[in-house]
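Working notes, structure below.
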Amino acid sequence: MSMPFYVSPEQQMKDKADYARKGIARGRSVVVLQYDDGILFVANNPSRALHKISEIYDRIAFAAVGKYNEFENLRLGGVRYADINGYQYDRRDVTARSLANVYAQSLGTIFTETNKPYEVELVVAEVGDSAETDQIYRLTFDGSVADEHGYVAMGGQADAVAQSLKDAYREGMSLTEALRTAVRALEAQDSDRHLEARSLEVAVLDRNREHRLFKRLAAARISDLLAEAEPSAGAAGSAEASDAGGGGAGDGDKG
C-alpha cells in the first residue's frame with residue numbers, strides 16, 4: 001500500500017506561482033504607455049494572425065503575454081461581458097475597472113481551484129478625456145490587480161524593459177516619442193537586438209478619434225514614426241555633444 005503524498009497548501013501555491021512566472025517569462029514582451037493623445041500598446045510580435053493587443057470596447061483595449069490560447073479565452077470573455085452589459089444597461093457602464101474586476105475573479109478562481117494556473121499577464125486600459133482620467137490595470141496570473149500610471153512592461157525580461165521605460169519615460173510625450181521609447185525598451189533585453197516595423201504589433205487608444213478609439217498601426221505607419229524619431233534623437237545627441245564641448249573649453253580657460 002503506497003503512502004499518501006502530502007504537499008502543504010503554501011508549497012502548492014508557491015509551485016503554481018513559479019510555474020506561471022516561468023511560462024510568462026518565456027514569452028515576448030509587451031509595453032503599454034501613455035502619451036499626449038492617449039495610450040500606446042507595443043508588442044514584440046512578428047505574427048500578423050495571432051494578436052497580443054486587441055480592442056475590447058469603445059474606449060477599452062486589452063494586451064497580454066503568455067500562452068495564446070489562455071489569454072485569447074480571457075479576451076473573448078471580456079468582449080462578451082462588455083457587449084452584454086453595454087446592451088442591457090448603458091455603454092458608459094462598461095469600464096476598464098469593472099472588466100479588470102471580472103478578470104481578477106476568473107484568474108483568482110483558476111489559480112486556487114485548478115492544478116494548472118493560467119500562464120498569462122494582462123493589461124486592461126481605458127482612455128479618458130484627458131491623461132489624468134486614463135485608466136491602466138495590470139492583472140497577474142493569480143488575479144492580483146495593480147492600478148498603473150505612465151507605463152507597464154510585461155513578459156520576457158520585464159525588469160530590464162521596465163528599467164529602460166523608467167529612465168526614458170516622461171509625461172506628455174508625442175506618439176513618435178512614445179513609440180521610440182517603447183521600442184528602445186523592448187530592445188533593452190538584448191543589446192544586439194534591433195526591432196524592425198514588421199516584427200512589431202502596435203495599436204493606440206486615441207482620445208481624439210470618435211466612437212471607436214482603438215486603432216492598429218500598419219507596418220508602413222510604424223516605419224514612418226520610427227524614421228521621424230531618429231532625426232530628432234540624433235539632433236538631441238548633437239546638441240548634448242555641443243554643450244559638452246563648450247563646457248570643456250570653459251573649464252580649460254579656468255585652468
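Letters A, B, ... go to the chains of the C-alpha cells in the order shown; residues in each chain start at 1; ligands are counted from 1 in the same order.
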
Requested in this report: as a PyMOL selection string, list the residues of region 47-186 of chain A assigned to strand (DSSP E or B) by DSSP on the backbone atoms of this structure.
Outcome: chain A and resi 53-57+60-66+120-126+135-139+145-148+151-154

Can you write out as CSV which residues of region 30-75 of chain A fall within 12 Å of region 161-175 of chain A, alongside each residue's closest atom pair and its distance in Å to one decimal, counting only C-alpha atoms and ordering rows by chain and ascending residue number?
residue,atom,partner,partner_atom,distance
A:Val30,CA,A:Val161,CA,9.2
A:Val31,CA,A:Val161,CA,8.2
A:Val32,CA,A:Leu165,CA,10.1
A:Leu33,CA,A:Tyr169,CA,8.6
A:Gln34,CA,A:Glu171,CA,7.6
A:Tyr35,CA,A:Met173,CA,5.0
A:Asp36,CA,A:Gly172,CA,4.5
A:Asp37,CA,A:Ser174,CA,7.5
A:Gly38,CA,A:Leu175,CA,8.7
A:Ile39,CA,A:Leu175,CA,9.1
A:Leu40,CA,A:Leu175,CA,7.7
A:Phe41,CA,A:Leu175,CA,10.8
A:Val42,CA,A:Leu175,CA,11.7
A:Ala43,CA,A:Val161,CA,11.8
A:Asn44,CA,A:Val161,CA,11.9

Query - Distance query region 138-144 of chain A at most 9 Å, only C-alpha atoms, self and fewer than 5 positions along chain excluded, as a list in words - result: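 My list of contacting residues is Ala17, Ala20, Arg21, Ala100, Asn101, Tyr103, Ala104, Gln105, Ser106, Leu107, Gly108, Thr109, Ile110, Phe111, Thr112, Pro117, Tyr118, Glu119, Val120, Glu121, Leu122, Val123, Val124, Ala125 and Val152 of chain A.
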
Would you mind exporting C-alpha atoms of the selected residues as a compact mmCIF listing (two decimals), in the first residue's frame?
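Saved result, again_33.txt, follows:
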# COMPACT_ATOMS: atom_id res chain seq x y z
CA ALA A 17 3.23 30.75 -8.97
CA ALA A 20 3.19 30.57 -14.14
CA ARG A 21 6.07 33.08 -13.88
CA ALA A 100 -10.47 44.21 -14.53
CA ASN A 101 -12.58 43.01 -11.59
CA TYR A 103 -10.73 39.14 -14.97
CA ALA A 104 -9.35 39.20 -11.43
CA GLN A 105 -12.14 36.92 -10.19
CA SER A 106 -11.64 34.50 -13.09
CA LEU A 107 -7.85 34.33 -12.74
CA GLY A 108 -8.04 34.03 -8.96
CA THR A 109 -10.51 31.13 -9.20
CA ILE A 110 -8.40 29.33 -11.80
CA PHE A 111 -5.24 29.80 -9.73
CA THR A 112 -6.69 28.47 -6.48
CA PRO A 117 -2.76 28.11 -13.36
CA TYR A 118 -3.06 30.31 -16.43
CA GLU A 119 0.36 31.39 -17.72
CA VAL A 120 -0.78 34.90 -18.55
CA GLU A 121 -0.37 38.52 -17.58
CA LEU A 122 -2.82 41.17 -18.76
CA VAL A 123 -3.31 44.89 -19.10
CA VAL A 124 -6.78 46.38 -19.43
CA ALA A 125 -6.67 50.07 -20.36
CA VAL A 152 3.73 48.99 -17.89

Query raised in the report: region 37-211 of chain A: which residues are alpha helix (DSSP H) by DSSP, as a PyMOL selection string?
Result: chain A and resi 68-88+96-113+158-168+175-187

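The shortest atom-to-atom distance to Ala61 (chain A), with only C-alpha atoms taken into account, belongs to A:Thr95 out of A:Thr95, A:Leu186, A:Thr181, A:Lys116.
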
Exercise: region 215-223 of chain A partners within 12 Å, only C-alpha atoms, chain neighbours under 4 positions left out, as a PDB file with N, CA, C and O atoms, in the first residue's frame:
ATOM      1  N   GLY A  38      -3.295  59.793 -25.808  1.00  0.00           N
ATOM      2  CA  GLY A  38      -3.944  58.536 -25.440  1.00  0.00           C
ATOM      3  C   GLY A  38      -3.008  57.526 -24.833  1.00  0.00           C
ATOM      4  O   GLY A  38      -2.104  57.873 -24.063  1.00  0.00           O
ATOM      5  N   ILE A  39      -3.207  56.259 -25.209  1.00  0.00           N
ATOM      6  CA  ILE A  39      -2.439  55.147 -24.660  1.00  0.00           C
ATOM      7  C   ILE A  39      -1.893  54.326 -25.815  1.00  0.00           C
ATOM      8  O   ILE A  39      -2.619  53.983 -26.753  1.00  0.00           O
ATOM      9  N   LEU A  40      -0.608  54.011 -25.748  1.00  0.00           N
ATOM     10  CA  LEU A  40       0.087  53.274 -26.801  1.00  0.00           C
ATOM     11  C   LEU A  40       0.381  51.854 -26.330  1.00  0.00           C
ATOM     12  O   LEU A  40       0.794  51.645 -25.191  1.00  0.00           O
ATOM     13  N   PHE A  41       0.194  50.887 -27.233  1.00  0.00           N
ATOM     14  CA  PHE A  41       0.482  49.481 -26.955  1.00  0.00           C
ATOM     15  C   PHE A  41       1.505  48.998 -27.989  1.00  0.00           C
ATOM     16  O   PHE A  41       1.281  49.150 -29.193  1.00  0.00           O
ATOM     17  N   VAL A  42       2.591  48.422 -27.528  1.00  0.00           N
ATOM     18  CA  VAL A  42       3.637  47.928 -28.429  1.00  0.00           C
ATOM     19  C   VAL A  42       4.055  46.532 -27.984  1.00  0.00           C
ATOM     20  O   VAL A  42       4.407  46.320 -26.819  1.00  0.00           O
ATOM     21  N   ALA A  43       4.021  45.587 -28.917  1.00  0.00           N
ATOM     22  CA  ALA A  43       4.400  44.202 -28.618  1.00  0.00           C
ATOM     23  C   ALA A  43       5.446  43.740 -29.609  1.00  0.00           C
ATOM     24  O   ALA A  43       5.392  44.074 -30.798  1.00  0.00           O
ATOM     25  N   ASN A  45       6.010  41.149 -31.658  1.00  0.00           N
ATOM     26  CA  ASN A  45       5.153  40.083 -32.161  1.00  0.00           C
ATOM     27  C   ASN A  45       5.168  40.083 -33.690  1.00  0.00           C
ATOM     28  O   ASN A  45       4.424  40.852 -34.317  1.00  0.00           O
ATOM     29  N   PRO A  46       5.993  39.244 -34.312  1.00  0.00           N
ATOM     30  CA  PRO A  46       6.054  39.218 -35.780  1.00  0.00           C
ATOM     31  C   PRO A  46       4.823  38.600 -36.436  1.00  0.00           C
ATOM     32  O   PRO A  46       4.626  38.766 -37.636  1.00  0.00           O
ATOM     33  N   ARG A  48       1.139  38.155 -37.794  1.00  0.00           N
ATOM     34  CA  ARG A  48       0.060  39.045 -38.214  1.00  0.00           C
ATOM     35  C   ARG A  48      -1.308  38.408 -37.980  1.00  0.00           C
ATOM     36  O   ARG A  48      -2.336  39.021 -38.254  1.00  0.00           O
ATOM     37  N   HIS A  51      -2.820  37.990 -32.375  1.00  0.00           N
ATOM     38  CA  HIS A  51      -2.618  39.305 -31.779  1.00  0.00           C
ATOM     39  C   HIS A  51      -2.453  39.219 -30.268  1.00  0.00           C
ATOM     40  O   HIS A  51      -3.152  38.464 -29.596  1.00  0.00           O
ATOM     41  N   LYS A  52      -1.543  40.043 -29.750  1.00  0.00           N
ATOM     42  CA  LYS A  52      -1.399  40.218 -28.305  1.00  0.00           C
ATOM     43  C   LYS A  52      -2.156  41.451 -27.824  1.00  0.00           C
ATOM     44  O   LYS A  52      -2.345  41.624 -26.622  1.00  0.00           O
ATOM     45  N   ILE A  53      -2.541  42.305 -28.757  1.00  0.00           N
ATOM     46  CA  ILE A  53      -3.217  43.563 -28.449  1.00  0.00           C
ATOM     47  C   ILE A  53      -4.551  43.574 -29.182  1.00  0.00           C
ATOM     48  O   ILE A  53      -4.597  43.309 -30.383  1.00  0.00           O
ATOM     49  N   SER A  54      -5.625  43.896 -28.476  1.00  0.00           N
ATOM     50  CA  SER A  54      -6.947  43.844 -29.095  1.00  0.00           C
ATOM     51  C   SER A  54      -7.868  44.879 -28.481  1.00  0.00           C
ATOM     52  O   SER A  54      -7.672  45.341 -27.348  1.00  0.00           O
ATOM     53  N   GLU A  55      -8.902  45.208 -29.239  1.00  0.00           N
ATOM     54  CA  GLU A  55      -9.962  46.080 -28.749  1.00  0.00           C
ATOM     55  C   GLU A  55     -10.968  45.254 -27.955  1.00  0.00           C
ATOM     56  O   GLU A  55     -11.304  44.139 -28.346  1.00  0.00           O
ATOM     57  N   ILE A  56     -11.422  45.804 -26.842  1.00  0.00           N
ATOM     58  CA  ILE A  56     -12.474  45.164 -26.063  1.00  0.00           C
ATOM     59  C   ILE A  56     -13.799  45.904 -26.240  1.00  0.00           C
ATOM     60  O   ILE A  56     -14.847  45.295 -26.468  1.00  0.00           O
ATOM     61  N   TYR A  57     -13.748  47.229 -26.164  1.00  0.00           N
ATOM     62  CA  TYR A  57     -14.962  48.034 -26.288  1.00  0.00           C
ATOM     63  C   TYR A  57     -14.579  49.418 -26.812  1.00  0.00           C
ATOM     64  O   TYR A  57     -13.421  49.642 -27.169  1.00  0.00           O
ATOM     65  N   ASP A  58     -15.523  50.344 -26.822  1.00  0.00           N
ATOM     66  CA  ASP A  58     -15.298  51.636 -27.471  1.00  0.00           C
ATOM     67  C   ASP A  58     -13.993  52.304 -27.039  1.00  0.00           C
ATOM     68  O   ASP A  58     -13.223  52.775 -27.859  1.00  0.00           O
ATOM     69  N   ARG A  59     -13.766  52.384 -25.742  1.00  0.00           N
ATOM     70  CA  ARG A  59     -12.611  53.114 -25.208  1.00  0.00           C
ATOM     71  C   ARG A  59     -11.636  52.199 -24.476  1.00  0.00           C
ATOM     72  O   ARG A  59     -10.743  52.685 -23.775  1.00  0.00           O
ATOM     73  N   ILE A  60     -11.819  50.897 -24.622  1.00  0.00           N
ATOM     74  CA  ILE A  60     -11.071  49.934 -23.816  1.00  0.00           C
ATOM     75  C   ILE A  60     -10.283  48.978 -24.708  1.00  0.00           C
ATOM     76  O   ILE A  60     -10.805  48.491 -25.711  1.00  0.00           O
ATOM     77  N   ALA A  61      -9.049  48.715 -24.317  1.00  0.00           N
ATOM     78  CA  ALA A  61      -8.206  47.767 -25.049  1.00  0.00           C
ATOM     79  C   ALA A  61      -7.558  46.798 -24.079  1.00  0.00           C
ATOM     80  O   ALA A  61      -7.524  47.023 -22.858  1.00  0.00           O
ATOM     81  N   LEU A 175       3.268  60.823 -29.896  1.00  0.00           N
ATOM     82  CA  LEU A 175       3.200  59.427 -30.324  1.00  0.00           C
ATOM     83  C   LEU A 175       4.545  58.951 -30.848  1.00  0.00           C
ATOM     84  O   LEU A 175       4.974  57.836 -30.550  1.00  0.00           O
ATOM     85  N   THR A 176       5.226  59.787 -31.604  1.00  0.00           N
ATOM     86  CA  THR A 176       6.546  59.434 -32.139  1.00  0.00           C
ATOM     87  C   THR A 176       7.534  59.145 -31.016  1.00  0.00           C
ATOM     88  O   THR A 176       8.241  58.136 -31.028  1.00  0.00           O
ATOM     89  N   ALA A 178       6.846  58.412 -27.868  1.00  0.00           N
ATOM     90  CA  ALA A 178       6.408  57.257 -27.082  1.00  0.00           C
ATOM     91  C   ALA A 178       6.757  55.953 -27.774  1.00  0.00           C
ATOM     92  O   ALA A 178       7.211  54.996 -27.129  1.00  0.00           O
ATOM     93  N   LEU A 179       6.555  55.888 -29.089  1.00  0.00           N
ATOM     94  CA  LEU A 179       6.882  54.669 -29.821  1.00  0.00           C
ATOM     95  C   LEU A 179       8.376  54.399 -29.783  1.00  0.00           C
ATOM     96  O   LEU A 179       8.801  53.260 -29.574  1.00  0.00           O
ATOM     97  N   ARG A 180       9.182  55.436 -29.979  1.00  0.00           N
ATOM     98  CA  ARG A 180      10.638  55.255 -29.920  1.00  0.00           C
ATOM     99  C   ARG A 180      11.061  54.780 -28.528  1.00  0.00           C
ATOM    100  O   ARG A 180      11.910  53.893 -28.394  1.00  0.00           O
ATOM    101  N   VAL A 183      10.048  51.035 -28.168  1.00  0.00           N
ATOM    102  CA  VAL A 183      10.908  50.136 -28.949  1.00  0.00           C
ATOM    103  C   VAL A 183      12.279  50.001 -28.308  1.00  0.00           C
ATOM    104  O   VAL A 183      12.843  48.905 -28.214  1.00  0.00           O
ATOM    105  N   LEU A 195      14.764  45.915 -33.425  1.00  0.00           N
ATOM    106  CA  LEU A 195      13.406  45.554 -33.821  1.00  0.00           C
ATOM    107  C   LEU A 195      12.969  46.410 -35.005  1.00  0.00           C
ATOM    108  O   LEU A 195      13.039  47.643 -34.951  1.00  0.00           O
ATOM    109  N   GLU A 196      12.513  45.755 -36.049  1.00  0.00           N
ATOM    110  CA  GLU A 196      12.007  46.453 -37.225  1.00  0.00           C
ATOM    111  C   GLU A 196      10.484  46.512 -37.181  1.00  0.00           C
ATOM    112  O   GLU A 196       9.843  45.782 -36.418  1.00  0.00           O
ATOM    113  N   ALA A 197       9.926  47.358 -38.024  1.00  0.00           N
ATOM    114  CA  ALA A 197       8.481  47.581 -38.004  1.00  0.00           C
ATOM    115  C   ALA A 197       7.697  46.300 -38.229  1.00  0.00           C
ATOM    116  O   ALA A 197       6.647  46.083 -37.612  1.00  0.00           O
ATOM    117  N   ARG A 198       8.188  45.424 -39.106  1.00  0.00           N
ATOM    118  CA  ARG A 198       7.431  44.211 -39.414  1.00  0.00           C
ATOM    119  C   ARG A 198       7.402  43.215 -38.262  1.00  0.00           C
ATOM    120  O   ARG A 198       6.607  42.272 -38.279  1.00  0.00           O
ATOM    121  N   SER A 199       8.261  43.392 -37.263  1.00  0.00           N
ATOM    122  CA  SER A 199       8.258  42.495 -36.109  1.00  0.00           C
ATOM    123  C   SER A 199       7.524  43.095 -34.912  1.00  0.00           C
ATOM    124  O   SER A 199       7.571  42.540 -33.818  1.00  0.00           O
ATOM    125  N   LEU A 200       6.846  44.223 -35.127  1.00  0.00           N
ATOM    126  CA  LEU A 200       6.148  44.900 -34.047  1.00  0.00           C
ATOM    127  C   LEU A 200       4.636  44.892 -34.280  1.00  0.00           C
ATOM    128  O   LEU A 200       4.173  45.036 -35.411  1.00  0.00           O
ATOM    129  N   GLU A 201       3.900  44.711 -33.204  1.00  0.00           N
ATOM    130  CA  GLU A 201       2.455  44.907 -33.213  1.00  0.00           C
ATOM    131  C   GLU A 201       2.179  46.171 -32.402  1.00  0.00           C
ATOM    132  O   GLU A 201       2.549  46.245 -31.223  1.00  0.00           O
ATOM    133  N   VAL A 202       1.564  47.155 -33.031  1.00  0.00           N
ATOM    134  CA  VAL A 202       1.378  48.460 -32.403  1.00  0.00           C
ATOM    135  C   VAL A 202      -0.076  48.897 -32.562  1.00  0.00           C
ATOM    136  O   VAL A 202      -0.662  48.767 -33.647  1.00  0.00           O
ATOM    137  N   ALA A 203      -0.645  49.412 -31.486  1.00  0.00           N
ATOM    138  CA  ALA A 203      -2.005  49.953 -31.529  1.00  0.00           C
ATOM    139  C   ALA A 203      -2.104  51.112 -30.551  1.00  0.00           C
ATOM    140  O   ALA A 203      -1.259  51.269 -29.660  1.00  0.00           O
ATOM    141  N   VAL A 204      -3.124  51.932 -30.734  1.00  0.00           N
ATOM    142  CA  VAL A 204      -3.341  53.065 -29.840  1.00  0.00           C
ATOM    143  C   VAL A 204      -4.808  53.155 -29.451  1.00  0.00           C
ATOM    144  O   VAL A 204      -5.696  52.701 -30.182  1.00  0.00           O
ATOM    145  N   LEU A 205      -5.044  53.728 -28.287  1.00  0.00           N
ATOM    146  CA  LEU A 205      -6.345  54.272 -27.914  1.00  0.00           C
ATOM    147  C   LEU A 205      -6.186  55.779 -28.018  1.00  0.00           C
ATOM    148  O   LEU A 205      -5.531  56.407 -27.191  1.00  0.00           O
ATOM    149  N   ASP A 206      -6.759  56.364 -29.069  1.00  0.00           N
ATOM    150  CA  ASP A 206      -6.569  57.779 -29.376  1.00  0.00           C
ATOM    151  C   ASP A 206      -7.803  58.558 -28.946  1.00  0.00           C
ATOM    152  O   ASP A 206      -8.883  58.389 -29.516  1.00  0.00           O
ATOM    153  N   ARG A 207      -7.638  59.422 -27.950  1.00  0.00           N
ATOM    154  CA  ARG A 207      -8.782  60.148 -27.406  1.00  0.00           C
ATOM    155  C   ARG A 207      -9.352  61.172 -28.409  1.00  0.00           C
ATOM    156  O   ARG A 207     -10.445  61.682 -28.204  1.00  0.00           O
ATOM    157  N   ASN A 208      -8.618  61.474 -29.480  1.00  0.00           N
ATOM    158  CA  ASN A 208      -9.089  62.444 -30.470  1.00  0.00           C
ATOM    159  C   ASN A 208      -9.972  61.821 -31.546  1.00  0.00           C
ATOM    160  O   ASN A 208     -10.569  62.535 -32.347  1.00  0.00           O
ATOM    161  N   ARG A 209     -10.034  60.498 -31.590  1.00  0.00           N
ATOM    162  CA  ARG A 209     -10.921  59.825 -32.539  1.00  0.00           C
ATOM    163  C   ARG A 209     -12.360  59.859 -32.019  1.00  0.00           C
ATOM    164  O   ARG A 209     -12.592  60.172 -30.845  1.00  0.00           O
ATOM    165  N   GLU A 210     -13.303  59.517 -32.867  1.00  0.00           N
ATOM    166  CA  GLU A 210     -14.704  59.473 -32.470  1.00  0.00           C
ATOM    167  C   GLU A 210     -15.196  58.031 -32.404  1.00  0.00           C
ATOM    168  O   GLU A 210     -14.753  57.180 -33.172  1.00  0.00           O
ATOM    169  N   HIS A 211     -16.103  57.778 -31.464  1.00  0.00           N
ATOM    170  CA  HIS A 211     -16.737  56.475 -31.301  1.00  0.00           C
ATOM    171  C   HIS A 211     -15.701  55.425 -30.901  1.00  0.00           C
ATOM    172  O   HIS A 211     -15.337  55.335 -29.744  1.00  0.00           O
ATOM    173  N   ALA A 227      11.127  56.444 -38.232  1.00  0.00           N
ATOM    174  CA  ALA A 227      12.024  57.280 -39.028  1.00  0.00           C
ATOM    175  C   ALA A 227      11.977  58.730 -38.554  1.00  0.00           C
ATOM    176  O   ALA A 227      13.005  59.417 -38.524  1.00  0.00           O
ATOM    177  N   GLU A 228      10.789  59.199 -38.176  1.00  0.00           N
ATOM    178  CA  GLU A 228      10.657  60.552 -37.644  1.00  0.00           C
ATOM    179  C   GLU A 228      11.416  60.695 -36.330  1.00  0.00           C
ATOM    180  O   GLU A 228      11.970  61.752 -36.030  1.00  0.00           O
ATOM    181  N   ALA A 229      11.420  59.630 -35.535  1.00  0.00           N
ATOM    182  CA  ALA A 229      12.064  59.689 -34.219  1.00  0.00           C
ATOM    183  C   ALA A 229      13.575  59.736 -34.321  1.00  0.00           C
ATOM    184  O   ALA A 229      14.243  60.370 -33.491  1.00  0.00           O
ATOM    185  N   GLU A 230      14.160  59.092 -35.330  1.00  0.00           N
ATOM    186  CA  GLU A 230      15.615  59.011 -35.423  1.00  0.00           C
ATOM    187  C   GLU A 230      16.286  60.363 -35.604  1.00  0.00           C
ATOM    188  O   GLU A 230      17.235  60.680 -34.902  1.00  0.00           O
TER     189      GLU A 230
END

Compile the contact shell of Arg26 (chain A) as a PDB file with N, CA, C and O atoms, in the first residue's frame: residues with an atom at most 12 Å away, counting only C-alpha atoms, same-chain residues fewer than 6 positions apart removed.
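Wrote result.pdb, looks like this:
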ATOM      1  N   TYR A  19       5.590  28.205 -11.585  1.00  0.00           N
ATOM      2  CA  TYR A  19       5.268  27.641 -12.898  1.00  0.00           C
ATOM      3  C   TYR A  19       4.722  28.723 -13.826  1.00  0.00           C
ATOM      4  O   TYR A  19       5.132  28.830 -14.989  1.00  0.00           O
ATOM      5  N   ALA A  20       3.798  29.523 -13.317  1.00  0.00           N
ATOM      6  CA  ALA A  20       3.192  30.572 -14.142  1.00  0.00           C
ATOM      7  C   ALA A  20       4.221  31.627 -14.528  1.00  0.00           C
ATOM      8  O   ALA A  20       4.270  32.069 -15.682  1.00  0.00           O
ATOM      9  N   VAL A  65       0.453  38.793 -22.373  1.00  0.00           N
ATOM     10  CA  VAL A  65       1.615  37.946 -22.653  1.00  0.00           C
ATOM     11  C   VAL A  65       1.348  36.580 -22.029  1.00  0.00           C
ATOM     12  O   VAL A  65       0.543  36.451 -21.108  1.00  0.00           O
ATOM     13  N   GLY A  66       2.039  35.564 -22.541  1.00  0.00           N
ATOM     14  CA  GLY A  66       1.886  34.217 -22.008  1.00  0.00           C
ATOM     15  C   GLY A  66       1.361  33.267 -23.059  1.00  0.00           C
ATOM     16  O   GLY A  66       1.655  33.398 -24.253  1.00  0.00           O
ATOM     17  N   LYS A  67       0.566  32.292 -22.644  1.00  0.00           N
ATOM     18  CA  LYS A  67       0.020  31.296 -23.557  1.00  0.00           C
ATOM     19  C   LYS A  67      -1.139  31.887 -24.351  1.00  0.00           C
ATOM     20  O   LYS A  67      -2.127  32.368 -23.777  1.00  0.00           O
ATOM     21  N   GLU A 119      -0.959  30.764 -17.543  1.00  0.00           N
ATOM     22  CA  GLU A 119       0.360  31.388 -17.715  1.00  0.00           C
ATOM     23  C   GLU A 119       0.172  32.678 -18.500  1.00  0.00           C
ATOM     24  O   GLU A 119       0.582  32.805 -19.658  1.00  0.00           O
ATOM     25  N   VAL A 120      -0.449  33.661 -17.867  1.00  0.00           N
ATOM     26  CA  VAL A 120      -0.780  34.905 -18.554  1.00  0.00           C
ATOM     27  C   VAL A 120      -0.577  36.094 -17.628  1.00  0.00           C
ATOM     28  O   VAL A 120      -0.636  35.983 -16.399  1.00  0.00           O
ATOM     29  N   MET A 154       5.463  43.920 -19.532  1.00  0.00           N
ATOM     30  CA  MET A 154       5.083  42.552 -19.182  1.00  0.00           C
ATOM     31  C   MET A 154       5.856  41.571 -20.062  1.00  0.00           C
ATOM     32  O   MET A 154       6.180  41.863 -21.206  1.00  0.00           O
ATOM     33  N   GLY A 155       6.101  40.378 -19.521  1.00  0.00           N
ATOM     34  CA  GLY A 155       6.667  39.284 -20.294  1.00  0.00           C
ATOM     35  C   GLY A 155       8.139  39.451 -20.587  1.00  0.00           C
ATOM     36  O   GLY A 155       8.723  40.532 -20.442  1.00  0.00           O
ATOM     37  N   GLY A 156       8.776  38.341 -20.998  1.00  0.00           N
ATOM     38  CA  GLY A 156      10.202  38.372 -21.309  1.00  0.00           C
ATOM     39  C   GLY A 156      11.007  38.829 -20.112  1.00  0.00           C
ATOM     40  O   GLY A 156      10.724  38.459 -18.969  1.00  0.00           O
ATOM     41  N   GLN A 157      12.017  39.655 -20.372  1.00  0.00           N
ATOM     42  CA  GLN A 157      12.819  40.232 -19.290  1.00  0.00           C
ATOM     43  C   GLN A 157      12.173  41.547 -18.871  1.00  0.00           C
ATOM     44  O   GLN A 157      12.679  42.641 -19.148  1.00  0.00           O
ATOM     45  N   ALA A 158      11.052  41.425 -18.193  1.00  0.00           N
ATOM     46  CA  ALA A 158      10.226  42.594 -17.878  1.00  0.00           C
ATOM     47  C   ALA A 158      10.969  43.612 -17.026  1.00  0.00           C
ATOM     48  O   ALA A 158      10.748  44.818 -17.163  1.00  0.00           O
TER      49      ALA A 158
END

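All residues of protein, DNA or RNA that reach within 7 Å of Ala82 (chain A), judged by only C-alpha atoms and not counting those fewer than 4 positions away in the chain, are Tyr57, Gly78, Gly86 and Val94 of chain A.
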
Selection export as a PDB file, in the first residue's frame, atoms kept: N, CA and C atoms:
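Here's the written file part-v9.pdb:
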ATOM      1  N   TYR A  57     -13.748  47.229 -26.164  1.00  0.00           N
ATOM      2  CA  TYR A  57     -14.962  48.034 -26.288  1.00  0.00           C
ATOM      3  C   TYR A  57     -14.579  49.418 -26.812  1.00  0.00           C
ATOM      4  N   GLY A  78     -14.027  38.770 -22.118  1.00  0.00           N
ATOM      5  CA  GLY A  78     -14.153  40.207 -21.865  1.00  0.00           C
ATOM      6  C   GLY A  78     -15.013  40.906 -22.896  1.00  0.00           C
ATOM      7  N   GLY A  86     -23.139  46.449 -21.992  1.00  0.00           N
ATOM      8  CA  GLY A  86     -23.428  47.669 -22.731  1.00  0.00           C
ATOM      9  C   GLY A  86     -24.809  47.652 -23.346  1.00  0.00           C
ATOM     10  N   VAL A  94     -19.793  50.178 -19.058  1.00  0.00           N
ATOM     11  CA  VAL A  94     -18.685  49.267 -19.358  1.00  0.00           C
ATOM     12  C   VAL A  94     -17.382  50.042 -19.173  1.00  0.00           C
TER      13      VAL A  94
END

Report task. Between CA of Ala96 (chain A) and CA of Glu126 (chain A), measure the distance and give it in Å to one decimal. Result -> 5.5 Å

Report summary line: Using only C-alpha atoms, the shortest atom-to-atom distance to Asp190 (chain A) among A:Ala160, A:Leu213, A:Val7, A:Ile84 belongs to A:Ala160

Report summary line: Here CA of Ala25 (chain A) and CA of Glu177 (chain A) stand apart by 26.8 Å

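Here CA of Ala182 (chain A) stands at a distance of 24.6 Å from CA of Arg97 (chain A).
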